[in-house]
Amino acid sequence: MKRLVSLILLSAFILLAFAGCGNSDSEKTDANDTTTTTTVAKSDISATVTTSKTDYSQDVEKIDFTVTNKSDDKIYFGDDYVLEVKEGDNWTELETDMKISDDLLRALDKGKSIDESLYVSERYGTLNADEYRLVVTVSKSENLTENPTKLYAPFQVK
């Protein structure tokens with residue numbers, strides 16, 4: 001009997017230990033997420049992106065946004081920021097025929113912010129009334145491959 005109880009307790013302990021070993025690399029895509037910034041888990045980059053407004057009209061020409069580096073190191077990002085639209089519980093990147101330049105690299109020192117603009121009408125045309133988010137990928141390396149971290153800024157088009 002003692003052996004059976006010991007076996008059950010050991011099994012329970014092992015199950016609990018493995019329960020905490022889930023994958024934490026996935027991005028947060030909760031349908032109720034209303035934060036202005038989300039980052040990929042396990043990132044050592046602390047940064048935010050915020051849009052100048054939370055509501056835009058369908059004929060919006062540009063969206064002004066700010067990237068702020070809250071990390072202890074310099075971070076980098078390029079022109080490859082995109083828009084995603086919410087479809088049910090999933091986010092889908094909007095299609096564009098415009099070639100996005102990857103030649104323009106921005107460096108952002110520790111504690112600094114930079115204001116940028118996404119020219120929506122040039123890249124995407126007219127947006128439908130829906131829920132969107134701006135996605136900016138930042139990295140600690142100039143080639144944007146070391147620990148790339150996605151930042152999100154949600155907004156509405158009405």
# chains A, B, ... in the order shown; residues from 1 in each chain; ligands from 1
call {"tool": "residues_around", "arguments": {"residues": "region 118-120 of chain A", "least_positions_apart": "5", "cutoff": "7 Å", "atoms": "only C-alpha atoms", "output": "list in words"}}
result
Val60, Glu61, Lys62, Ile63, Asp64 and Gly125 of chain A
call {"tool": "closest_residue", "arguments": {"among": "A:Leu127, A:Ile45, A:Leu83, A:Val136", "to": "Val67 (chain A)", "atoms": "only C-alpha atoms"}}
result
A:Val136
call {"tool": "residues_around", "arguments": {"residues": "Thr48 (chain A)", "least_positions_apart": "6", "cutoff": "12 Å", "atoms": "only C-alpha atoms", "output": "PyMOL selection string"}}
result
chain A and resi 35-40+65-71+75+108+111-115+134-138+149-154
call {"tool": "atom_distance", "arguments": {"atom1": "CA of Asn90 (chain A)", "atom2": "CA of Arg133 (chain A)"}}
result
11.7 Å
call {"tool": "closest_residue", "arguments": {"among": "A:Lys86, A:Tyr76, A:Thr92, A:Asp130", "to": "Thr145 (chain A)", "atoms": "only C-alpha atoms"}}
result
A:Tyr76
call {"tool": "closest_residue", "arguments": {"among": "A:Glu116, A:Glu131, A:Asp97, A:Glu146", "to": "Thr51 (chain A)", "atoms": "only C-alpha atoms"}}
result
A:Glu116
call {"tool": "closest_residue", "arguments": {"among": "A:Ala107, A:Asn147, A:Gln156, A:Ser117", "to": "Val85 (chain A)", "atoms": "only C-alpha atoms"}}
result
A:Gln156
call {"tool": "closest_residue", "arguments": {"among": "A:Thr54, A:Lys158, A:Asp72, A:Asp79", "to": "Asn128 (chain A)", "atoms": "only C-alpha atoms"}}
result
A:Lys158
